[in-house]
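Structure data (mmCIF, C-alpha atoms) from structure.cif:
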data_upload
loop_
_atom_site.group_PDB
_atom_site.id
_atom_site.type_symbol
_atom_site.label_atom_id
_atom_site.label_comp_id
_atom_site.auth_asym_id
_atom_site.auth_seq_id
_atom_site.Cartn_x
_atom_site.Cartn_y
_atom_site.Cartn_z
ATOM 1 C CA MET A 153 0.000 0.000 0.000
ATOM 2 C CA ARG A 154 1.064 3.646 -0.482
ATOM 3 C CA ALA A 155 2.122 5.813 2.440
ATOM 4 C CA VAL A 156 3.838 9.133 3.170
ATOM 5 C CA VAL A 157 7.385 8.163 4.153
ATOM 6 C CA VAL A 158 10.207 10.291 5.577
ATOM 7 C CA THR A 159 13.481 9.089 4.075
ATOM 8 C CA GLU A 160 15.651 11.134 6.477
ATOM 9 C CA ALA A 161 15.357 14.222 8.664
ATOM 10 C CA GLY A 162 15.191 17.341 6.529
ATOM 11 C CA GLY A 163 13.052 19.606 4.372
ATOM 12 C CA PRO A 164 9.944 18.717 2.356
ATOM 13 C CA GLU A 165 12.151 17.128 -0.286
ATOM 14 C CA VAL A 166 12.759 14.125 2.020
ATOM 15 C CA LEU A 167 9.095 13.080 1.748
ATOM 16 C CA ARG A 168 8.190 10.192 -0.553
ATOM 17 C CA ILE A 169 5.066 8.280 -1.499
ATOM 18 C CA ALA A 170 6.333 4.742 -1.054
ATOM 19 C CA GLU A 171 4.976 1.211 -0.939
ATOM 20 C CA ILE A 172 4.936 -0.321 2.548
ATOM 21 C CA GLU A 173 3.543 -3.530 3.953
ATOM 22 C CA GLU A 174 -0.026 -3.375 5.227
ATOM 23 C CA ALA A 175 -0.966 -4.697 8.668
ATOM 24 C CA GLU A 176 -3.702 -7.118 9.649
ATOM 25 C CA PRO A 177 -6.104 -6.205 12.489
ATOM 26 C CA GLY A 178 -5.647 -8.162 15.707
ATOM 27 C CA PRO A 179 -8.151 -8.753 18.514
ATOM 28 C CA GLY A 180 -10.167 -5.615 19.184
ATOM 29 C CA GLU A 181 -8.715 -3.862 16.130
ATOM 30 C CA VAL A 182 -10.131 -2.562 12.870
ATOM 31 C CA ARG A 183 -8.432 -1.916 9.531
ATOM 32 C CA VAL A 184 -9.572 1.267 7.812
ATOM 33 C CA ALA A 185 -9.257 2.016 4.120
ATOM 34 C CA VAL A 186 -8.138 5.645 4.342
ATOM 35 C CA ARG A 187 -9.802 8.177 2.054
ATOM 36 C CA ALA A 188 -8.301 11.337 3.555
ATOM 37 C CA ALA A 189 -5.811 12.302 6.262
ATOM 38 C CA GLY A 190 -5.141 15.590 8.044
ATOM 39 C CA VAL A 191 -1.766 17.329 8.131
ATOM 40 C CA ASN A 192 -0.533 18.685 11.474
ATOM 41 C CA ARG A 193 2.451 20.647 12.736
ATOM 42 C CA ALA A 194 3.562 17.453 14.440
ATOM 43 C CA ASP A 195 4.119 15.995 10.955
ATOM 44 C CA VAL A 196 6.419 18.897 10.071
ATOM 45 C CA LEU A 197 8.340 18.488 13.336
ATOM 46 C CA GLN A 198 8.631 14.727 12.850
ATOM 47 C CA ARG A 199 9.960 15.260 9.317
ATOM 48 C CA LEU A 200 12.593 17.600 10.768
ATOM 49 C CA GLY A 201 13.618 14.974 13.318
ATOM 50 C CA LEU A 202 12.314 17.055 16.243
ATOM 51 C CA TYR A 203 9.256 15.013 17.250
ATOM 52 C CA PRO A 204 9.874 11.263 17.129
ATOM 53 C CA ALA A 205 7.021 8.780 17.011
ATOM 54 C CA PRO A 206 6.125 7.058 20.308
ATOM 55 C CA PRO A 207 7.561 3.577 20.987
ATOM 56 C CA GLY A 208 5.867 0.884 18.951
ATOM 57 C CA VAL A 209 4.803 3.262 16.156
ATOM 58 C CA ARG A 210 6.521 3.105 12.783
ATOM 59 C CA PRO A 211 8.845 6.151 12.831
ATOM 60 C CA ASP A 212 9.121 6.876 9.113
ATOM 61 C CA VAL A 213 5.414 7.132 8.202
ATOM 62 C CA LEU A 214 3.622 10.388 9.032
ATOM 63 C CA GLY A 215 0.057 11.119 10.065
ATOM 64 C CA LEU A 216 -1.980 11.611 13.248
ATOM 65 C CA GLU A 217 -5.570 11.461 11.947
ATOM 66 C CA LEU A 218 -7.584 9.755 9.256
ATOM 67 C CA ALA A 219 -11.015 9.222 7.758
ATOM 68 C CA GLY A 220 -12.203 6.313 5.675
ATOM 69 C CA GLU A 221 -14.211 3.106 5.561
ATOM 70 C CA VAL A 222 -13.900 0.003 7.703
ATOM 71 C CA GLU A 223 -12.291 -2.647 5.511
ATOM 72 C CA ARG A 224 -11.747 -5.528 7.927
ATOM 73 C CA VAL A 225 -12.394 -6.208 11.621
ATOM 74 C CA GLY A 226 -10.296 -8.314 13.966
ATOM 75 C CA PRO A 227 -11.475 -11.007 16.388
ATOM 76 C CA GLY A 228 -13.950 -9.825 19.018
ATOM 77 C CA VAL A 229 -14.970 -6.606 17.250
ATOM 78 C CA SER A 230 -18.727 -6.112 17.234
ATOM 79 C CA ALA A 231 -19.197 -2.323 17.143
ATOM 80 C CA TRP A 232 -18.032 -1.908 13.528
ATOM 81 C CA LYS A 233 -18.524 -3.695 10.214
ATOM 82 C CA PRO A 234 -16.998 -3.369 6.746
ATOM 83 C CA GLY A 235 -18.287 -0.293 4.957
ATOM 84 C CA ASP A 236 -18.809 1.829 8.071
ATOM 85 C CA ARG A 237 -17.569 5.404 7.636
ATOM 86 C CA VAL A 238 -15.157 6.268 10.457
ATOM 87 C CA MET A 239 -12.553 8.795 11.604
ATOM 88 C CA ALA A 240 -9.861 8.574 14.273
ATOM 89 C CA ILE A 241 -6.719 10.009 15.793
ATOM 90 C CA ALA A 242 -3.593 7.867 15.661
ATOM 91 C CA SER A 243 -0.208 7.846 17.350
ATOM 92 C CA GLY A 244 1.358 7.957 13.910
ATOM 93 C CA ALA A 245 1.470 6.329 10.450
ATOM 94 C CA ALA A 246 -2.035 7.549 9.542
ATOM 95 C CA GLN A 247 -1.045 8.926 6.126
ATOM 96 C CA ALA A 248 -1.288 5.537 4.471
ATOM 97 C CA GLU A 249 -3.878 3.762 2.347
ATOM 98 C CA ARG A 250 -4.747 1.384 5.189
ATOM 99 C CA VAL A 251 -4.425 1.938 8.928
ATOM 100 C CA VAL A 252 -5.149 -0.411 11.842
ATOM 101 C CA CYS A 253 -6.888 1.210 14.833
ATOM 102 C CA HIS A 254 -8.244 0.038 18.160
ATOM 103 C CA GLU A 255 -12.020 -0.283 17.790
ATOM 104 C CA ARG A 256 -12.687 2.217 20.618
ATOM 105 C CA MET A 257 -10.533 4.865 18.961
ATOM 106 C CA LEU A 258 -12.936 5.092 16.034
ATOM 107 C CA LEU A 259 -15.721 7.648 15.719
ATOM 108 C CA PRO A 260 -18.590 7.515 13.211
ATOM 109 C CA ILE A 261 -18.540 10.187 10.533
ATOM 110 C CA PRO A 262 -21.699 12.329 10.714
ATOM 111 C CA PRO A 263 -23.869 11.649 7.630
ATOM 112 C CA ALA A 264 -23.670 15.234 6.352
ATOM 113 C CA LEU A 265 -19.852 15.225 6.176
ATOM 114 C CA ASP A 266 -17.594 13.749 3.508
ATOM 115 C CA PHE A 267 -14.243 12.051 4.069
ATOM 116 C CA VAL A 268 -12.198 15.217 3.545
ATOM 117 C CA GLN A 269 -14.242 17.130 6.111
ATOM 118 C CA ALA A 270 -14.061 14.202 8.508
ATOM 119 C CA ALA A 271 -10.269 14.027 8.214
ATOM 120 C CA ALA A 272 -10.105 17.601 9.531
ATOM 121 C CA ILE A 273 -11.918 16.659 12.747
ATOM 122 C CA PRO A 274 -10.092 14.129 14.973
ATOM 123 C CA GLU A 275 -6.822 15.789 15.946
ATOM 124 C CA ALA A 276 -8.197 19.333 16.079
ATOM 125 C CA PHE A 277 -11.453 18.645 17.882
ATOM 126 C CA LEU A 278 -10.230 15.965 20.299
ATOM 127 C CA THR A 279 -7.207 18.077 21.245
ATOM 128 C CA ALA A 280 -9.369 21.172 21.789
ATOM 129 C CA HIS A 281 -12.100 19.331 23.682
ATOM 130 C CA ASP A 282 -9.650 17.520 25.937
ATOM 131 C CA ALA A 283 -7.585 20.637 26.669
ATOM 132 C CA LEU A 284 -10.482 23.003 27.355
ATOM 133 C CA PHE A 285 -12.940 20.805 29.199
ATOM 134 C CA ARG A 286 -11.091 17.768 30.571
ATOM 135 C CA GLN A 287 -7.749 19.365 31.441
ATOM 136 C CA ALA A 288 -8.542 23.033 32.155
ATOM 137 C CA GLY A 289 -12.108 22.422 33.360
ATOM 138 C CA LEU A 290 -13.693 25.251 31.368
ATOM 139 C CA GLY A 291 -17.128 25.901 32.844
ATOM 140 C CA ARG A 292 -20.220 27.056 31.017
ATOM 141 C CA GLY A 293 -20.263 30.826 30.618
ATOM 142 C CA GLU A 294 -16.607 31.349 31.580
ATOM 143 C CA PRO A 295 -14.561 33.629 29.307
ATOM 144 C CA VAL A 296 -11.750 31.853 27.493
ATOM 145 C CA LEU A 297 -8.742 33.107 25.530
ATOM 146 C CA ILE A 298 -7.704 30.986 22.549
ATOM 147 C CA HIS A 299 -4.430 31.722 20.792
ATOM 148 C CA ALA A 300 -3.674 30.977 17.123
ATOM 149 C CA ALA A 301 -7.335 31.448 16.243
ATOM 150 C CA GLY A 302 -6.799 30.476 12.612
ATOM 151 C CA SER A 303 -5.092 27.149 13.301
ATOM 152 C CA GLY A 304 -6.830 23.795 13.061
ATOM 153 C CA VAL A 305 -7.077 23.339 16.821
ATOM 154 C CA GLY A 306 -7.829 27.027 17.304
ATOM 155 C CA THR A 307 -10.835 26.926 14.960
ATOM 156 C CA ALA A 308 -12.127 23.842 16.766
ATOM 157 C CA ALA A 309 -11.564 25.303 20.233
ATOM 158 C CA MET A 310 -13.432 28.510 19.413
ATOM 159 C CA GLN A 311 -16.446 26.614 18.139
ATOM 160 C CA LEU A 312 -16.580 24.212 21.074
ATOM 161 C CA ALA A 313 -16.294 27.066 23.566
ATOM 162 C CA HIS A 314 -18.963 29.094 21.768
ATOM 163 C CA ALA A 315 -21.290 26.085 21.695
ATOM 164 C CA GLY A 316 -20.741 25.758 25.456
ATOM 165 C CA GLY A 317 -21.995 29.291 26.057
ATOM 166 C CA ASN A 318 -18.558 30.753 26.718
ATOM 167 C CA LEU A 319 -17.327 34.240 25.850
ATOM 168 C CA VAL A 320 -14.532 33.649 23.338
ATOM 169 C CA LEU A 321 -11.469 35.870 22.996
ATOM 170 C CA GLY A 322 -8.982 34.908 20.311
ATOM 171 C CA THR A 323 -5.598 36.075 19.082
ATOM 172 C CA SER A 324 -3.758 36.023 15.802
ATOM 173 C CA ARG A 325 -1.084 38.108 14.133
ATOM 174 C CA THR A 326 -3.189 38.140 10.959
ATOM 175 C CA ALA A 327 -6.204 40.456 10.768
ATOM 176 C CA GLU A 328 -7.808 38.413 7.983
ATOM 177 C CA LYS A 329 -7.795 35.261 10.111
ATOM 178 C CA LEU A 330 -9.398 37.085 13.025
ATOM 179 C CA GLU A 331 -12.146 38.405 10.763
ATOM 180 C CA ARG A 332 -12.866 34.925 9.403
ATOM 181 C CA ALA A 333 -12.895 33.532 12.927
ATOM 182 C CA ARG A 334 -15.915 35.666 13.805
ATOM 183 C CA ASP A 335 -18.091 33.174 11.925
ATOM 184 C CA LEU A 336 -16.805 30.411 14.238
ATOM 185 C CA GLY A 337 -17.919 32.066 17.459
ATOM 186 C CA LEU A 338 -15.086 34.488 18.144
ATOM 187 C CA ASP A 339 -16.573 37.312 20.207
ATOM 188 C CA HIS A 340 -13.471 39.471 20.691
ATOM 189 C CA PRO A 341 -10.678 39.288 18.081
ATOM 190 C CA LEU A 342 -7.314 40.418 19.439
ATOM 191 C CA ALA A 343 -4.491 41.230 17.055
ATOM 192 C CA VAL A 344 -1.232 40.479 18.879
ATOM 193 C CA ALA A 345 0.989 43.563 18.983
ATOM 194 C CA PRO A 346 4.451 43.423 17.377
ATOM 195 C CA ASP A 347 5.953 43.300 20.883
ATOM 196 C CA GLY A 348 3.803 40.274 21.713
ATOM 197 C CA GLN A 349 1.513 42.060 24.179
ATOM 198 C CA PHE A 350 -2.166 41.213 24.536
ATOM 199 C CA SER A 351 -2.849 41.001 28.300
ATOM 200 C CA ARG A 352 -3.850 44.656 28.658
ATOM 201 C CA ARG A 353 -6.646 44.214 26.138
ATOM 202 C CA VAL A 354 -7.790 40.986 27.776
ATOM 203 C CA LEU A 355 -7.991 42.730 31.136
ATOM 204 C CA GLY A 356 -9.861 45.625 29.546
ATOM 205 C CA LEU A 357 -12.469 43.299 28.049
ATOM 206 C CA THR A 358 -12.983 41.455 31.351
ATOM 207 C CA GLY A 359 -13.286 44.406 33.697
ATOM 208 C CA GLY A 360 -9.746 43.905 34.965
ATOM 209 C CA ARG A 361 -10.419 40.350 36.146
ATOM 210 C CA GLY A 362 -8.739 38.393 33.340
ATOM 211 C CA VAL A 363 -9.898 35.095 31.849
ATOM 212 C CA PRO A 364 -10.266 31.832 33.798
ATOM 213 C CA VAL A 365 -8.857 29.675 30.971
ATOM 214 C CA ILE A 366 -6.275 30.188 28.224
ATOM 215 C CA ALA A 367 -5.555 27.648 25.467
ATOM 216 C CA ASP A 368 -2.040 28.361 24.194
ATOM 217 C CA PHE A 369 -0.244 26.982 21.138
ATOM 218 C CA VAL A 370 2.690 29.414 21.256
ATOM 219 C CA GLY A 371 4.506 28.560 24.477
ATOM 220 C CA ALA A 372 7.437 30.537 25.856
ATOM 221 C CA ALA A 373 6.905 33.690 23.803
ATOM 222 C CA TYR A 374 3.441 34.190 25.326
ATOM 223 C CA LEU A 375 4.107 32.836 28.821
ATOM 224 C CA GLU A 376 4.435 36.099 30.748
ATOM 225 C CA GLU A 377 1.507 37.745 28.961
ATOM 226 C CA ASN A 378 -0.614 34.635 29.543
ATOM 227 C CA LEU A 379 0.003 34.768 33.285
ATOM 228 C CA ARG A 380 -0.895 38.468 33.344
ATOM 229 C CA ALA A 381 -4.135 37.759 31.455
ATOM 230 C CA LEU A 382 -5.397 35.023 33.817
ATOM 231 C CA SER A 383 -7.972 35.696 36.510
ATOM 232 C CA ILE A 384 -7.527 34.529 40.099
ATOM 233 C CA GLY A 385 -7.577 30.732 40.037
ATOM 234 C CA GLY A 386 -7.014 30.793 36.273
ATOM 235 C CA ARG A 387 -5.801 27.813 34.250
ATOM 236 C CA LEU A 388 -3.287 27.965 31.398
ATOM 237 C CA VAL A 389 -3.187 24.868 29.199
ATOM 238 C CA VAL A 390 -0.209 24.721 26.831
ATOM 239 C CA ILE A 391 -0.895 22.683 23.690
ATOM 240 C CA GLY A 392 1.901 23.846 21.383
ATOM 241 C CA LEU A 393 5.359 25.403 21.472
ATOM 242 C CA LEU A 394 5.572 27.435 18.278
ATOM 243 C CA GLY A 395 7.176 30.314 20.200
ATOM 244 C CA GLY A 396 9.693 28.251 22.146
ATOM 245 C CA ALA A 397 9.824 25.650 24.893
ATOM 246 C CA ARG A 398 11.659 27.530 27.662
ATOM 247 C CA GLY A 399 10.526 30.605 29.571
ATOM 248 C CA GLU A 400 10.694 32.195 33.009
ATOM 249 C CA VAL A 401 7.724 31.852 35.359
ATOM 250 C CA ASP A 402 6.886 34.454 37.984
ATOM 251 C CA LEU A 403 6.180 32.033 40.826
ATOM 252 C CA GLY A 404 5.036 34.926 42.986
ATOM 253 C CA ARG A 405 2.219 35.599 40.541
ATOM 254 C CA LEU A 406 1.286 31.902 40.543
ATOM 255 C CA LEU A 407 1.130 31.875 44.337
ATOM 256 C CA ALA A 408 -0.699 35.170 44.795
ATOM 257 C CA ARG A 409 -3.347 34.471 42.149
ATOM 258 C CA ARG A 410 -3.563 30.678 42.633
ATOM 259 C CA LEU A 411 -2.816 30.017 38.967
ATOM 260 C CA ARG A 412 -2.490 26.563 37.437
ATOM 261 C CA LEU A 413 -0.347 25.589 34.471
ATOM 262 C CA PHE A 414 -1.070 22.447 32.420
ATOM 263 C CA GLY A 415 0.684 20.782 29.522
ATOM 264 C CA SER A 416 -1.453 18.726 27.145
ATOM 265 C CA THR A 417 -0.694 16.380 24.272
ATOM 266 C CA LEU A 418 -2.615 13.333 23.067
ATOM 267 C CA ARG A 419 -0.034 11.501 20.997
ATOM 268 C CA SER A 420 2.196 10.164 23.767
ATOM 269 C CA ARG A 421 -0.557 9.151 26.188
ATOM 270 C CA PRO A 422 -1.258 5.496 26.941
ATOM 271 C CA LEU A 423 -3.935 3.867 24.782
ATOM 272 C CA GLU A 424 -6.528 3.814 27.568
ATOM 273 C CA GLU A 425 -6.162 7.561 28.116
ATOM 274 C CA LYS A 426 -6.592 8.239 24.406
ATOM 275 C CA ILE A 427 -9.639 5.989 24.360
ATOM 276 C CA ALA A 428 -11.061 7.956 27.296
ATOM 277 C CA ALA A 429 -10.511 11.245 25.449
ATOM 278 C CA THR A 430 -12.111 9.804 22.305
ATOM 279 C CA GLN A 431 -15.145 8.492 24.144
ATOM 280 C CA ALA A 432 -15.578 11.795 26.021
ATOM 281 C CA PHE A 433 -15.655 13.609 22.694
ATOM 282 C CA ALA A 434 -18.089 11.014 21.321
ATOM 283 C CA ARG A 435 -20.489 11.851 24.159
ATOM 284 C CA GLU A 436 -20.077 15.617 24.242
ATOM 285 C CA GLY A 437 -18.622 16.795 20.929
ATOM 286 C CA LEU A 438 -19.935 14.426 18.279
ATOM 287 C CA PRO A 439 -23.586 15.469 18.842
ATOM 288 C CA LEU A 440 -22.551 19.080 18.123
ATOM 289 C CA LEU A 441 -21.062 18.000 14.796
ATOM 290 C CA GLU A 442 -24.131 15.948 13.952
ATOM 291 C CA ARG A 443 -26.420 18.929 14.640
ATOM 292 C CA GLY A 444 -24.206 21.331 12.688
ATOM 293 C CA LEU A 445 -23.455 23.469 15.744
ATOM 294 C CA VAL A 446 -19.720 23.058 15.092
ATOM 295 C CA ARG A 447 -17.994 22.125 11.846
ATOM 296 C CA PRO A 448 -14.580 21.174 10.513
ATOM 297 C CA VAL A 449 -12.718 24.033 8.860
ATOM 298 C CA VAL A 450 -10.811 22.838 5.795
ATOM 299 C CA GLY A 451 -8.352 25.376 4.462
ATOM 300 C CA GLU A 452 -6.806 23.369 1.633
ATOM 301 C CA VAL A 453 -7.211 19.935 0.074
ATOM 302 C CA LEU A 454 -4.297 18.367 -1.782
ATOM 303 C CA PRO A 455 -3.683 14.943 -3.313
ATOM 304 C CA VAL A 456 -1.384 12.847 -1.155
ATOM 305 C CA GLU A 457 1.260 13.133 -3.868
ATOM 306 C CA ALA A 458 1.499 16.857 -3.017
ATOM 307 C CA VAL A 459 2.384 16.241 0.629
ATOM 308 C CA GLY A 460 5.569 18.299 0.255
ATOM 309 C CA ASP A 461 3.500 21.330 -0.770
ATOM 310 C CA ALA A 462 1.261 20.736 2.245
ATOM 311 C CA HIS A 463 4.298 20.900 4.538
ATOM 312 C CA VAL A 464 5.455 24.155 2.945
ATOM 313 C CA ARG A 465 2.028 25.698 3.455
ATOM 314 C CA MET A 466 1.912 24.491 7.049
ATOM 315 C CA ALA A 467 5.379 25.822 7.859
ATOM 316 C CA GLU A 468 4.574 29.202 6.301
ATOM 317 C CA ASP A 469 1.250 29.442 8.159
ATOM 318 C CA ARG A 470 -0.628 30.188 4.965
ATOM 319 C CA THR A 471 -3.850 28.354 5.720
ATOM 320 C CA PHE A 472 -6.927 29.106 7.815
ATOM 321 C CA GLY A 473 -8.067 25.807 9.323
ATOM 322 C CA LYS A 474 -6.830 22.368 8.346
ATOM 323 C CA ILE A 475 -4.811 21.022 5.438
ATOM 324 C CA VAL A 476 -6.106 17.644 4.258
ATOM 325 C CA LEU A 477 -4.477 15.066 2.004
ATOM 326 C CA ARG A 478 -6.798 13.109 -0.285
ATOM 327 C CA PHE A 479 -6.167 9.446 -1.130
ATOM 328 C CA ASP A 480 -7.713 8.913 -4.549
ATOM 329 C CA ARG A 481 -8.698 5.367 -5.412
#

Can you dump the structure from the file as structure tokens?
Amino acid sequence: MRAVVVTEAGGPEVLRIAEIEEAEPGPGEVRVAVRAAGVNRADVLQRLGLYPAPPGVRPDVLGLELAGEVERVGPGVSAWKPGDRVMAIASGAAQAERVVCHERMLLPIPPALDFVQAAAIPEAFLTAHDALFRQAGLGRGEPVLIHAAGSGVGTAAMQLAHAGGNLVLGTSRTAEKLERARDLGLDHPLAVAPDGQFSRRVLGLTGGRGVPVIADFVGAAYLEENLRALSIGGRLVVIGLLGGARGEVDLGRLLARRLRLFGSTLRSRPLEEKIAATQAFAREGLPLLERGLVRPVVGEVLPVEAVGDAHVRMAEDRTFGKIVLRFDR
């Protein structure tokens, strides 16, 4: 079968569409014929040799999410049958024509969505749902600040928060992305200043109190401003490190304002924890997709053969929403 393979650490030129051996589903597993797969920043980092696959996952095949049809089920599987339309996150190797998944990691694709739209859902929406509600404990009606509003996870987080009745503040360095984000539930667009400041505006919009929850994809570059923007008892959940991995923390501010700092990633968690996150989204997030209250945001669709172009677009931050690779059959 065909798959996106990294031949060595390096630029987009190291990517190849190569033939690899397909796997058979074991007990409790399902093999999916992949129709489309999302592209994530983790794929770019893995290609560069900066984000290795977890133990037990093939290290040279990219991909963290997929959508397709059940092709074969392993022993003991009763929830799925061949032909079922499904989507899922994966620990890796999802950008291949066939992928084996644990049966409880699969989610049904809502009838109104096609495979390309479905491929834009798992990583973005599960990451956002887990970070906001399961990790940071965002409560109904609480204001929330979401950075990188035009990213895949950012567009999902804004919609989920809006659907939960929350006041949504969002940042971007691009005015066009902030304007487009209004249609996704963004109440207060905040253009980040050239010096990286945004906390003063957050405090102004919240009567000086700050926000209880911040979802951050930038990391070190926003750390100090994030802490300034949090309300007493506020929670900062760090999901990405685009602006660096090391920063200084004012522990006095943490103590005085009873702040909490979380780190969140799905890929490296044990299977049972990923299943728990998937099932939580199935209960709370999937009905929103089925009712059209939230939707996947697809910025670009490319054939899998153009995966190198997808990486260039991702690295240059050209796209609003997700980039999806299409497996034509």

So which one's closest to A:Glu217, A:Gly180, A:Gly244, A:Pro234, A:Gly304? Using all atoms listed in the file, please. A:Gly244

Which residues would end up in the selection if the PyMOL selection byres ((chain A and resi 222) around 7) were applied here, given that I need the answer as a PyMOL selection string? chain A and resi 182-185+220-221+223-224+233-238

Using the chain letters and numbers from the file, give me the residues hit by the PyMOL selection byres ((chain A and resi 262) around 12), as a PyMOL selection string. chain A and resi 219+236-239+259-261+263-267+269-271+273+434+437-444+446-448

Name every residue that the PyMOL selection byres ((chain A and resi 460-474) around 8) selects in this structure, writing the answer as a PyMOL selection string with chains first and numbers rising. chain A and resi 164-165+167+190-193+196+272+302-305+307+329+449-452+454+457-459+475-476

Quick one: contact table of stretch 267-351 of chain A to stretch 362-370 of chain A, 10 Å max, nearest atom pair and distance in Å to one decimal per residue, counting only C-alpha atoms, chain and number order, as a tab-separated table?
residue	atom	partner	partner_atom	distance
A:Ala280	CA	A:Ala367	CA	8.4
A:Ala283	CA	A:Ala367	CA	7.4
A:Leu284	CA	A:Ala367	CA	7.0
A:Phe285	CA	A:Val365	CA	9.9
A:Ala288	CA	A:Val365	CA	6.8
A:Gly289	CA	A:Val365	CA	8.3
A:Leu290	CA	A:Val365	CA	6.6
A:Gly291	CA	A:Pro364	CA	9.1
A:Glu294	CA	A:Pro364	CA	6.7
A:Pro295	CA	A:Val363	CA	5.5
A:Val296	CA	A:Val365	CA	5.0
A:Leu297	CA	A:Ile366	CA	4.7
A:Ile298	CA	A:Ala367	CA	4.9
A:His299	CA	A:Asp368	CA	5.3
A:Ala300	CA	A:Phe369	CA	6.6
A:Ala301	CA	A:Phe369	CA	9.7
A:Ser303	CA	A:Phe369	CA	9.2
A:Val305	CA	A:Phe369	CA	8.9
A:Gly306	CA	A:Ala367	CA	8.5
A:Ala309	CA	A:Ala367	CA	8.3
A:Met310	CA	A:Ala367	CA	10.0
A:Leu319	CA	A:Val363	CA	9.6
A:Val320	CA	A:Val363	CA	9.8
A:Leu321	CA	A:Val363	CA	9.0
A:Gly322	CA	A:Ala367	CA	9.5
A:Thr323	CA	A:Asp368	CA	9.9
A:Ser351	CA	A:Gly362	CA	8.2

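As for atom CA of A:Ala245 and atom CA of A:Leu216, they are spaced 6.9 Å apart.
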
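If only C-alpha atoms are the atoms counted, then among A:Glu181, A:Arg154, A:Gly201, A:Ser230 the closest residue to A:Val166 is A:Gly201.
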
Atom CA of A:Pro177 sits from atom CA of A:Met257 at a separation of 13.6 Å

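Take atom CA of A:Val268 and atom CA of A:Gly163: the distance between them is 25.6 Å.
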
Report, as JSON, the axis-aligned box around all atoms of stretch 455-473 of chain A present in the file, extended by 6 Å on each side; give centre and edge lengths in Å to one decimal place.
{"center_x": -1.2, "center_y": 21.5, "center_z": 2.7, "size_x": 25.6, "size_y": 29.3, "size_z": 25.2}

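Residue nearest A:Pro227 within the list A:Tyr203, A:Ser243, A:Glu176, A:Ala313: A:Glu176 [criterion: smallest interatomic distance, only C-alpha atoms].
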
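Look at A:Gly385: the protein and nucleic acid residues within 7 Å of it, using only C-alpha atoms and passing over chain neighbours fewer than 2 places away, are Pro364, Ser383, Arg387, Arg409, Arg410 and Leu411 of chain A.
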
Once you have the residues from the selection above, write them out as a PDB file, keeping the file's coordinate frame, restricted to C-alpha atoms.
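Output (again.pdb):
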ATOM      1  CA  PRO A 364     -10.266  31.832  33.798  1.00  0.00           C
ATOM      2  CA  SER A 383      -7.972  35.696  36.510  1.00  0.00           C
ATOM      3  CA  ARG A 387      -5.801  27.813  34.250  1.00  0.00           C
ATOM      4  CA  ARG A 409      -3.347  34.471  42.149  1.00  0.00           C
ATOM      5  CA  ARG A 410      -3.563  30.678  42.633  1.00  0.00           C
ATOM      6  CA  LEU A 411      -2.816  30.017  38.967  1.00  0.00           C
TER       7      LEU A 411
END

Nearest to A:Leu388, chosen from A:Gln287, A:Val252, A:Arg435, A:Phe350, with all atoms listed in the file counted in the distances: A:Gln287

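Nearest-residue note for A:Leu423: choosing from A:Ala170, A:Val389, A:Val229, A:Ile241, the minimum distance belongs to A:Ile241, counting all atoms listed in the file.
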